[in-house]
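start.txt follows; it contains compact mmCIF, C-alpha atoms.
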```txt
# COMPACT_ATOMS: atom_id res chain seq x y z
CA MET C 290 -20.83 29.43 -32.54
CA ILE C 291 -22.70 26.66 -30.69
CA ALA C 292 -26.46 26.23 -30.32
CA PHE C 293 -27.47 24.31 -27.19
CA VAL C 294 -30.60 22.40 -26.20
CA GLY C 295 -29.91 21.34 -22.64
CA SER C 296 -26.64 23.25 -22.40
CA VAL C 297 -23.87 20.86 -21.37
CA PHE C 298 -21.95 23.69 -19.68
CA SER C 299 -24.95 25.27 -17.95
CA PRO C 300 -24.73 25.45 -14.15
CA TYR C 301 -28.50 26.04 -14.05
CA TYR C 302 -29.14 22.82 -15.97
CA ALA C 303 -26.84 20.93 -13.61
CA TRP C 304 -28.45 22.42 -10.49
CA SER C 305 -31.92 21.52 -11.84
CA GLY C 306 -31.00 17.84 -12.10
CA ARG C 307 -30.96 17.96 -15.92
CA GLN C 308 -34.60 16.87 -16.19
CA ALA C 309 -35.82 19.38 -18.82
CA PRO C 310 -33.31 20.16 -21.60
CA GLU C 311 -35.81 22.34 -23.49
CA ASN C 312 -35.80 24.66 -20.48
CA HIS C 313 -32.05 25.31 -20.77
CA CYS C 314 -31.26 26.61 -24.26
CA ALA C 315 -28.53 28.99 -25.38
CA LEU C 316 -26.75 30.41 -28.39
CA ASN C 317 -23.02 30.82 -27.81
CA VAL C 318 -21.29 33.26 -30.16
CA ALA C 319 -17.60 34.09 -29.67
CA LEU C 320 -15.99 36.78 -31.82
CA TYR C 321 -12.22 37.08 -31.39
CA GLY C 322 -9.93 39.96 -32.20
CA PRO C 323 -10.00 43.73 -31.51
CA ARG C 324 -13.83 43.79 -31.85
CA GLY C 325 -14.31 40.62 -29.85
CA ARG C 326 -17.61 39.84 -28.12
CA TRP C 327 -18.98 36.85 -26.20
CA THR C 328 -22.56 35.79 -25.56
CA MET C 329 -24.12 32.68 -24.06
CA THR C 330 -27.34 33.77 -22.37
CA GLU C 331 -29.52 30.84 -21.36
CA ARG C 332 -33.26 30.93 -22.02
CA GLY C 333 -36.13 28.92 -20.63
CA ARG C 334 -38.77 26.97 -22.51
CA ALA C 335 -41.12 29.96 -22.88
CA ARG C 336 -38.52 31.86 -24.91
CA THR C 337 -37.59 29.13 -27.41
CA ARG C 338 -39.21 27.38 -30.36
CA ARG C 339 -37.84 24.45 -32.33
CA SER C 340 -38.79 22.37 -35.39
CA ALA C 341 -36.96 19.98 -37.73
CA ASN C 342 -35.47 22.86 -39.74
CA SER C 343 -35.59 25.88 -37.43
CA TYR C 344 -34.60 26.94 -33.93
CA GLU C 345 -35.53 30.21 -32.24
CA ILE C 346 -33.91 31.36 -29.00
CA ALA C 347 -35.44 34.66 -27.87
CA LYS C 348 -34.59 37.14 -30.69
CA SER C 349 -32.03 34.86 -32.37
CA ALA C 350 -32.97 32.25 -34.95
CA MET C 351 -31.51 29.46 -37.07
CA GLN C 352 -32.98 28.20 -40.35
CA LEU C 353 -31.86 25.15 -42.33
CA THR C 354 -32.60 25.07 -46.07
CA PRO C 355 -31.07 22.84 -48.79
CA GLY C 356 -27.34 23.59 -48.84
CA ARG C 357 -27.47 26.40 -46.29
CA LEU C 358 -27.74 27.12 -42.56
CA SER C 359 -28.63 30.75 -41.74
CA ILE C 360 -28.15 32.10 -38.21
CA ASP C 361 -29.54 35.50 -37.21
CA VAL C 362 -27.90 36.60 -33.98
CA ASN C 363 -29.52 39.19 -31.72
CA GLU C 364 -27.99 38.89 -28.26
CA ILE C 365 -26.39 40.89 -25.45
CA GLY C 366 -22.85 39.97 -24.46
CA ALA C 367 -21.55 38.94 -21.05
CA PRO C 368 -19.94 39.87 -18.75
CA ILE C 369 -19.73 43.16 -20.70
CA PRO C 370 -23.34 43.91 -21.81
CA LEU C 371 -22.64 44.98 -25.40
CA PRO C 372 -24.92 44.04 -28.33
CA VAL C 373 -24.04 41.09 -30.55
CA ARG C 374 -26.08 41.38 -33.75
CA GLY C 375 -25.57 40.00 -37.22
CA ARG C 376 -25.94 37.05 -39.57
CA ILE C 377 -23.83 33.92 -40.06
CA THR C 378 -24.36 31.90 -43.23
CA VAL C 379 -23.01 28.35 -43.61
CA ASP C 380 -23.08 26.92 -47.16
CA PHE C 381 -22.33 23.25 -47.82
CA GLU C 382 -22.59 20.65 -50.58
CA GLY C 383 -23.96 17.76 -48.54
CA LEU C 384 -24.76 16.59 -45.02
CA GLY C 385 -23.12 13.52 -43.51
CA ASP C 386 -25.40 10.81 -42.18
CA THR C 387 -22.93 8.85 -40.02
CA THR C 388 -23.14 9.07 -36.22
CA TYR C 389 -20.11 8.03 -34.16
CA LEU C 390 -19.99 6.83 -30.55
CA ILE C 391 -17.08 8.76 -29.07
CA ASP C 392 -17.14 7.08 -25.66
CA GLY C 393 -17.38 3.40 -26.60
CA ASN C 394 -20.67 2.74 -24.82
CA GLY C 395 -23.10 4.85 -26.83
CA ARG C 396 -23.85 7.57 -24.27
CA HIS C 397 -22.03 10.31 -26.22
CA ARG C 398 -22.62 10.70 -29.96
CA TRP C 399 -21.08 12.88 -32.67
CA ARG C 400 -22.18 13.47 -36.25
CA PRO C 401 -19.93 15.45 -38.65
CA LEU C 402 -22.63 17.06 -40.79
CA ALA C 403 -20.56 19.30 -43.07
CA PRO C 404 -16.96 19.63 -41.85
CA PHE C 405 -15.97 21.47 -45.03
CA SER C 406 -18.30 24.46 -45.37
CA ARG C 407 -18.18 28.03 -46.59
CA VAL C 408 -18.95 30.54 -43.85
CA SER C 409 -19.91 34.20 -44.25
CA VAL C 410 -20.11 36.53 -41.23
CA ASP C 411 -21.86 39.90 -41.46
CA PHE C 412 -22.29 41.68 -38.09
CA SER C 413 -23.41 45.23 -37.40
CA ASP C 414 -22.60 45.06 -33.64
CA PRO C 415 -19.67 44.84 -33.63
CA ASP C 416 -18.82 45.84 -37.20
CA VAL C 417 -17.27 42.55 -38.35
CA LYS C 418 -17.44 41.04 -41.84
CA TRP C 419 -15.47 38.14 -43.27
CA SER C 420 -15.79 34.82 -45.08
CA GLY C 421 -13.80 31.62 -45.13
CA HIS C 422 -13.96 27.87 -44.62
CA GLY C 423 -15.91 26.48 -41.69
CA TYR C 424 -17.16 23.41 -39.86
CA PHE C 425 -20.67 22.17 -39.01
CA ASP C 426 -21.42 19.21 -36.71
CA THR C 427 -23.73 18.06 -33.94
CA ASN C 428 -23.25 16.29 -30.60
CA ASN C 429 -25.73 14.76 -28.17
CA GLY C 430 -25.58 12.50 -25.17
CA ASP C 431 -27.43 10.66 -22.43
CA GLU C 432 -25.25 11.85 -19.54
CA PRO C 433 -23.24 14.99 -18.65
CA LEU C 434 -19.86 15.30 -20.39
CA GLU C 435 -18.08 15.42 -17.05
CA GLU C 436 -19.64 12.11 -16.01
CA GLY C 437 -18.34 10.27 -19.06
CA PHE C 438 -14.96 11.92 -19.64
CA SER C 439 -12.01 12.68 -17.42
CA PHE C 440 -10.36 14.50 -20.31
CA TRP C 441 -11.30 15.11 -23.92
CA ASP C 442 -9.58 16.82 -26.83
CA TRP C 443 -10.51 17.30 -30.47
CA SER C 444 -9.06 19.00 -33.53
CA ARG C 445 -10.20 19.82 -37.05
CA THR C 446 -7.85 20.54 -39.96
CA THR C 447 -8.70 21.33 -43.59
CA LEU C 448 -6.90 19.28 -46.25
CA GLU C 449 -6.76 19.40 -50.04
CA GLY C 450 -9.81 18.71 -52.17
CA GLY C 451 -12.36 19.80 -49.59
CA ARG C 452 -11.41 17.06 -47.13
CA THR C 453 -11.23 17.51 -43.36
CA ALA C 454 -9.11 15.59 -40.84
CA ILE C 455 -10.72 15.20 -37.41
CA LEU C 456 -8.83 13.81 -34.42
CA TYR C 457 -10.41 12.72 -31.12
CA ASN C 458 -8.58 11.72 -27.92
CA THR C 459 -10.68 10.74 -24.91
CA ASP C 460 -9.83 9.64 -21.37
CA MET C 461 -12.85 8.00 -19.80
CA ARG C 462 -13.57 8.21 -16.08
CA ASP C 463 -13.13 4.43 -15.81
CA GLY C 464 -9.52 4.83 -17.00
CA GLU C 465 -9.98 3.72 -20.61
CA GLN C 466 -8.19 5.84 -23.23
CA ARG C 467 -9.46 6.08 -26.79
CA ALA C 468 -8.11 7.70 -29.96
CA ALA C 469 -9.97 8.13 -33.24
CA ALA C 470 -9.17 9.80 -36.56
CA TYR C 471 -11.50 10.46 -39.50
CA LEU C 472 -11.27 11.89 -42.99
CA VAL C 473 -14.47 13.58 -44.14
CA ASP C 474 -15.07 14.73 -47.72
CA ARG C 475 -16.96 17.84 -48.83
CA PHE C 476 -20.22 15.90 -49.04
CA GLY C 477 -20.03 14.67 -45.42
CA LYS C 478 -18.90 11.10 -46.19
CA SER C 479 -16.33 9.97 -43.62
CA GLU C 480 -13.83 7.15 -43.24
CA PRO C 481 -11.43 6.31 -40.39
CA PHE C 482 -7.65 6.43 -40.64
CA ASP C 483 -4.90 5.39 -38.23
CA PRO C 484 -4.42 8.10 -35.56
CA PRO C 485 -1.03 9.82 -35.98
CA MET C 486 1.66 10.10 -33.31
CA PRO C 487 0.71 11.69 -29.94
CA VAL C 488 2.08 15.19 -29.40
CA SER C 489 2.21 17.12 -26.13
CA LEU C 490 1.23 20.79 -26.22
CA PRO C 491 1.73 23.48 -23.55
CA SER C 492 -1.06 24.00 -21.04
CA THR C 493 -3.13 27.17 -21.29
CA PRO C 494 -1.32 30.16 -19.75
CA ILE C 495 -3.95 31.18 -17.16
CA TRP C 496 -6.01 28.18 -16.06
CA ARG C 497 -3.40 25.54 -16.99
CA ILE C 498 -5.77 23.32 -18.97
CA GLN C 499 -3.91 20.39 -20.49
CA ARG C 500 -3.54 20.36 -24.28
CA ARG C 501 -2.38 17.55 -26.55
CA SER C 502 -2.86 16.47 -30.15
CA ARG C 503 -1.53 14.14 -32.85
CA ALA C 504 0.71 14.76 -35.85
CA ASP C 505 2.93 12.98 -38.36
CA GLU C 506 5.97 13.23 -36.10
CA ASP C 507 6.99 13.93 -32.53
CA GLY C 508 6.88 17.67 -31.97
CA GLY C 509 4.84 18.11 -35.16
CA ALA C 510 2.23 20.41 -33.63
CA ARG C 511 2.37 23.74 -31.79
CA ILE C 512 -0.07 26.28 -30.36
CA ALA C 513 -0.33 29.30 -32.67
CA ARG C 514 -2.96 31.17 -30.66
CA THR C 515 -5.17 30.59 -27.61
CA PHE C 516 -8.76 31.74 -28.16
CA GLU C 517 -10.41 30.49 -24.96
CA ASP C 518 -8.64 29.88 -21.64
CA THR C 519 -11.32 29.03 -19.07
CA PRO C 520 -11.30 27.02 -15.81
CA PHE C 521 -12.38 23.82 -17.63
CA TYR C 522 -12.11 24.37 -21.40
CA SER C 523 -9.71 25.69 -24.02
CA ARG C 524 -10.00 26.56 -27.71
CA SER C 525 -6.85 27.19 -29.73
CA MET C 526 -5.39 27.54 -33.19
CA ILE C 527 -2.70 24.96 -33.86
CA GLU C 528 -0.04 24.60 -36.51
CA THR C 529 0.36 20.92 -37.24
CA ARG C 530 1.88 18.49 -39.71
CA LEU C 531 -0.55 15.97 -41.18
CA PHE C 532 -0.31 13.83 -44.31
CA GLY C 533 3.15 15.19 -45.07
CA ALA C 534 2.30 18.90 -45.06
CA ASP C 535 2.20 21.82 -42.62
CA ARG C 536 -1.37 22.87 -41.84
CA VAL C 537 -3.44 25.09 -39.55
CA GLY C 538 -6.30 23.70 -37.46
CA VAL C 539 -8.65 24.38 -34.55
CA HIS C 540 -8.15 22.50 -31.28
CA GLU C 541 -10.29 22.11 -28.14
CA SER C 542 -9.69 20.55 -24.72
CA LEU C 543 -12.06 19.86 -21.84
CA SER C 544 -11.32 18.79 -18.26
CA GLY C 545 -14.10 16.74 -16.68
CA PRO C 546 -12.92 17.16 -13.07
CA ARG C 547 -12.73 20.92 -13.52
CA LEU C 548 -16.26 21.07 -14.97
CA ARG C 549 -17.58 18.96 -12.05
CA ASN C 550 -16.00 21.29 -9.50
CA PRO C 551 -18.77 23.22 -7.65
CA VAL C 552 -16.56 26.32 -7.41
CA VAL C 553 -16.19 26.39 -11.21
CA LYS C 554 -19.95 25.97 -11.64
CA ALA C 555 -20.52 28.91 -9.30
CA LEU C 556 -18.29 31.10 -11.51
CA LEU C 557 -20.07 30.31 -14.78
CA PRO C 558 -23.13 32.61 -14.38
CA PHE C 559 -20.83 35.62 -14.85
CA ARG C 560 -20.43 34.60 -18.50
CA MET C 561 -23.63 32.56 -18.84
CA PRO C 562 -26.55 34.55 -17.43
CA ARG C 563 -30.05 33.08 -17.54
CA ILE C 564 -33.29 34.75 -18.64
CA ALA C 565 -36.15 32.30 -18.10
```
Is it possible to express this structure as structure tokens?
Amino acid sequence: MIAFVGSVFSPYYAWSGRQAPENHCALNVALYGPRGRWTMTERGRARTRRSANSYEIAKSAMQLTPGRLSIDVNEIGAPIPLPVRGRITVDFEGLGDTTYLIDGNGRHRWRPLAPFSRVSVDFSDPDVKWSGHGYFDTNNGDEPLEEGFSFWDWSRTTLEGGRTAILYNTDMRDGEQRAAAYLVDRFGKSEPFDPPMPVSLPSTPIWRIQRRSRADEDGGARIARTFEDTPFYSRSMIETRLFGADRVGVHESLSGPRLRNPVVKALLPFRMPRIA
């Protein structure tokens, strides 16, 4: 689930010249499996309301209280117009206060708020209920992702003791390549560690999006499942070896040139309708 203010993937925001982020808001909810649903309907300024601890997008709402983020989802899916209704609850022990510059020049910022959280999902449409560990962060920037990055990948893996390992690899449009690795504890406190060895992963099966990661050894990571295979972005489950043990993590890749492509932008409204 991702809540957007000035949706970075929105074709409408791009076509508008990105002058009014509050006029391009969306709640993206992706449910995978046999009862899978997808929603990312964009709303205009008149249909949203935001404060320091709450965010309303049409009939959906988020509320932050001490130790908990509650998300009430009331959306219609796309491209299949099925209802997506339910509640997501994220419980955490502390919020991190460190913001990282992931591009080297301060235009793109990332803050790991609570990488080790407890998540409960209770949906009526579709009938889906589960709980497990989760991840809570925030990103913001002063330019479009595709203007700063040629390629970007990220992964998150849970370790012992409530710690989380986060790996970033970025290829900037000016040719610079950057790698970063962080350990974050259950209270949100983070510290860097040396990035492990680069590992190549197979491209996505349909749109051929590049995937790569890092692990303790060459060949120490593999794709276990592909969740999202889109023209510019992928989300996957990986099996990886970190800190001497086999682990399961979530991995994402993004292609800047693909996202900049006007043909790709013209395809996006089929999955990202707009109701102003």
Put the listed atoms of range 548-560 of chain C in a box along x, y and z with 4 Å added on every side and give me the centre and edge lengths in Å to one decimal, as JSON.
```
{"center_x": -19.6, "center_y": 27.3, "center_z": -13.0, "size_x": 15.1, "size_y": 24.7, "size_z": 19.1}
```
Could you check the closest approach to Ala303 in chain C for each of C:Arg357, C:Arg549, C:Arg563, C:Arg326 and tell me which residue wins, using only C-alpha atoms? C:Arg549
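You will find CA of Arg400 in chain C at 20.7 Å from CA of Glu311 in chain C.
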Tell me which of C:Leu543, C:Met329, C:Ile527, C:Ala347 sits closest to Trp496 in chain C, counting all atoms listed in the file.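 Using all atoms listed in the file, the shortest distance to Trp496 in chain C belongs to C:Leu543.
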Near-Arg524 in chain C list (8 Å; only C-alpha atoms; drop same-chain fewer than 2 positions) as a PyMOL selection string: chain C and resi 515-518+522+526+539-542
Taking into account only C-alpha atoms, which residue in the set C:Ile391, C:Met561, C:Ala510, C:Leu490 is nearest to Asn458 in chain C?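 Ranked by minimum distance to Asn458 in chain C, first place goes to C:Ile391.
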Interatomic distance (Å, one decimal) between CA of Val379 in chain C and CA of Ser413 in chain C: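 Distance between the two atoms: 18.0 Å.
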Which neighbours of Tyr424 in chain C fall inside 10 Å, counting only C-alpha atoms, when residues of the same chain fewer than 6 positions from it are skipped, and could you give them as a ChimeraX atom specification? /C:379,381,401-408,445-447,453
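With only C-alpha atoms as the atoms that count, the residue of C:Arg560, C:Arg307, C:Phe482, C:Pro491 with the shortest distance to Thr328 in chain C is C:Arg560.
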Rounded to one decimal, what separation in Å do you get between CA of Ala341 in chain C and CA of Thr354 in chain C?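 So the two atoms, CA of Ala341 in chain C and CA of Thr354 in chain C, lie 10.7 Å apart.
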Give the answer as one residue: which of C:Asp426, C:Glu382, C:Asp483, C:Asp431 has the shortest atom-to-atom distance to Leu456 in chain C, using only C-alpha atoms?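 Closest to Leu456 in chain C of all the choices is C:Asp483.
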Residue nearest Asn312 in chain C among C:Thr330, C:Thr337, C:Ser409, C:Asn550 (counting only C-alpha atoms): C:Thr337
Protein and nucleic acid residues near (-23.5, 37.2, -17.1) (cut-off 6 Å, all atoms listed in the file) as a compact mmCIF listing (two decimals) with C-alpha atoms, keeping the file's coordinate frame:
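Everything below was put into point-v4.txt:
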```
# COMPACT_ATOMS: atom_id res chain seq x y z
CA ALA C 367 -21.55 38.94 -21.05
CA PRO C 368 -19.94 39.87 -18.75
CA PRO C 558 -23.13 32.61 -14.38
CA PHE C 559 -20.83 35.62 -14.85
CA ARG C 560 -20.43 34.60 -18.50
CA MET C 561 -23.63 32.56 -18.84
CA PRO C 562 -26.55 34.55 -17.43
```
Answer as JSON, numbers by chain, residues within 12 Å of (-29.3, 14.4, -29.2) using all atoms listed in the file: {"C": [293, 294, 295, 296, 297, 310, 311, 388, 395, 396, 397, 398, 399, 400, 426, 427, 428, 429, 430, 431, 432]}
When you look at Phe438 in chain C with a cut-off of 9 Å (counting only C-alpha atoms), what residues show up, excluding the ones that are within fewer than 5 positions of it in the same chain? I need them as a list in words.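 Result of the neighbour search: Asp392, Pro433, Thr459, Asp460, Met461, Arg462, Asp463, Leu543, Ser544, Gly545 and Pro546 of chain C.
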Could you rebuild range 477-499 of chain C with N, CA and C atoms and give me the result as an mmCIF file, keeping the file's coordinate frame?
```
data_model
loop_
_atom_site.group_PDB
_atom_site.id
_atom_site.type_symbol
_atom_site.label_atom_id
_atom_site.label_comp_id
_atom_site.auth_asym_id
_atom_site.auth_seq_id
_atom_site.Cartn_x
_atom_site.Cartn_y
_atom_site.Cartn_z
ATOM 1 N N GLY C 477 -19.707 15.206 -46.738
ATOM 2 C CA GLY C 477 -20.030 14.670 -45.420
ATOM 3 C C GLY C 477 -19.731 13.197 -45.253
ATOM 4 N N LYS C 478 -19.237 12.517 -46.304
ATOM 5 C CA LYS C 478 -18.900 11.100 -46.190
ATOM 6 C C LYS C 478 -17.572 10.957 -45.467
ATOM 7 N N SER C 479 -17.532 10.088 -44.449
ATOM 8 C CA SER C 479 -16.330 9.970 -43.620
ATOM 9 C C SER C 479 -15.796 8.547 -43.632
ATOM 10 N N GLU C 480 -14.489 8.442 -43.368
ATOM 11 C CA GLU C 480 -13.830 7.150 -43.240
ATOM 12 C C GLU C 480 -12.712 7.271 -42.208
ATOM 13 N N PRO C 481 -12.479 6.232 -41.404
ATOM 14 C CA PRO C 481 -11.430 6.310 -40.390
ATOM 15 C C PRO C 481 -10.040 6.157 -41.007
ATOM 16 N N PHE C 482 -9.043 6.696 -40.309
ATOM 17 C CA PHE C 482 -7.650 6.430 -40.640
ATOM 18 C C PHE C 482 -6.884 6.249 -39.338
ATOM 19 N N ASP C 483 -5.686 5.673 -39.428
ATOM 20 C CA ASP C 483 -4.900 5.390 -38.230
ATOM 21 C C ASP C 483 -4.506 6.707 -37.545
ATOM 22 N N PRO C 484 -4.796 6.863 -36.247
ATOM 23 C CA PRO C 484 -4.420 8.100 -35.560
ATOM 24 C C PRO C 484 -2.905 8.320 -35.625
ATOM 25 N N PRO C 485 -2.467 9.538 -35.931
ATOM 26 C CA PRO C 485 -1.030 9.820 -35.980
ATOM 27 C C PRO C 485 -0.389 9.758 -34.593
ATOM 28 N N MET C 486 0.863 10.180 -34.533
ATOM 29 C CA MET C 486 1.660 10.100 -33.310
ATOM 30 C C MET C 486 1.172 11.116 -32.267
ATOM 31 N N PRO C 487 1.090 10.722 -30.985
ATOM 32 C CA PRO C 487 0.710 11.690 -29.940
ATOM 33 C C PRO C 487 1.732 12.815 -29.815
ATOM 34 N N VAL C 488 1.234 14.016 -29.564
ATOM 35 C CA VAL C 488 2.080 15.190 -29.400
ATOM 36 C C VAL C 488 1.613 15.968 -28.173
ATOM 37 N N SER C 489 2.538 16.289 -27.288
ATOM 38 C CA SER C 489 2.210 17.120 -26.130
ATOM 39 C C SER C 489 2.241 18.588 -26.522
ATOM 40 N N LEU C 490 1.298 19.359 -25.987
ATOM 41 C CA LEU C 490 1.230 20.790 -26.220
ATOM 42 C C LEU C 490 1.272 21.515 -24.877
ATOM 43 N N PRO C 491 1.703 22.765 -24.834
ATOM 44 C CA PRO C 491 1.730 23.480 -23.550
ATOM 45 C C PRO C 491 0.329 23.726 -23.002
ATOM 46 N N SER C 492 0.213 23.692 -21.684
ATOM 47 C CA SER C 492 -1.060 24.000 -21.040
ATOM 48 C C SER C 492 -1.435 25.460 -21.296
ATOM 49 N N THR C 493 -2.704 25.790 -21.102
ATOM 50 C CA THR C 493 -3.130 27.170 -21.290
ATOM 51 C C THR C 493 -2.436 28.072 -20.257
ATOM 52 N N PRO C 494 -2.158 29.324 -20.621
ATOM 53 C CA PRO C 494 -1.320 30.160 -19.750
ATOM 54 C C PRO C 494 -1.967 30.560 -18.435
ATOM 55 N N ILE C 495 -3.303 30.683 -18.383
ATOM 56 C CA ILE C 495 -3.950 31.180 -17.160
ATOM 57 C C ILE C 495 -4.475 30.032 -16.303
ATOM 58 N N TRP C 496 -5.351 29.213 -16.838
ATOM 59 C CA TRP C 496 -6.010 28.180 -16.060
ATOM 60 C C TRP C 496 -5.308 26.824 -16.146
ATOM 61 N N ARG C 497 -4.246 26.742 -16.923
ATOM 62 C CA ARG C 497 -3.400 25.540 -16.990
ATOM 63 C C ARG C 497 -4.188 24.305 -17.419
ATOM 64 N N ILE C 498 -5.056 24.461 -18.409
ATOM 65 C CA ILE C 498 -5.770 23.320 -18.970
ATOM 66 C C ILE C 498 -4.816 22.542 -19.866
ATOM 67 N N GLN C 499 -4.777 21.254 -19.688
ATOM 68 C CA GLN C 499 -3.910 20.390 -20.490
ATOM 69 C C GLN C 499 -4.304 20.465 -21.970
#
```
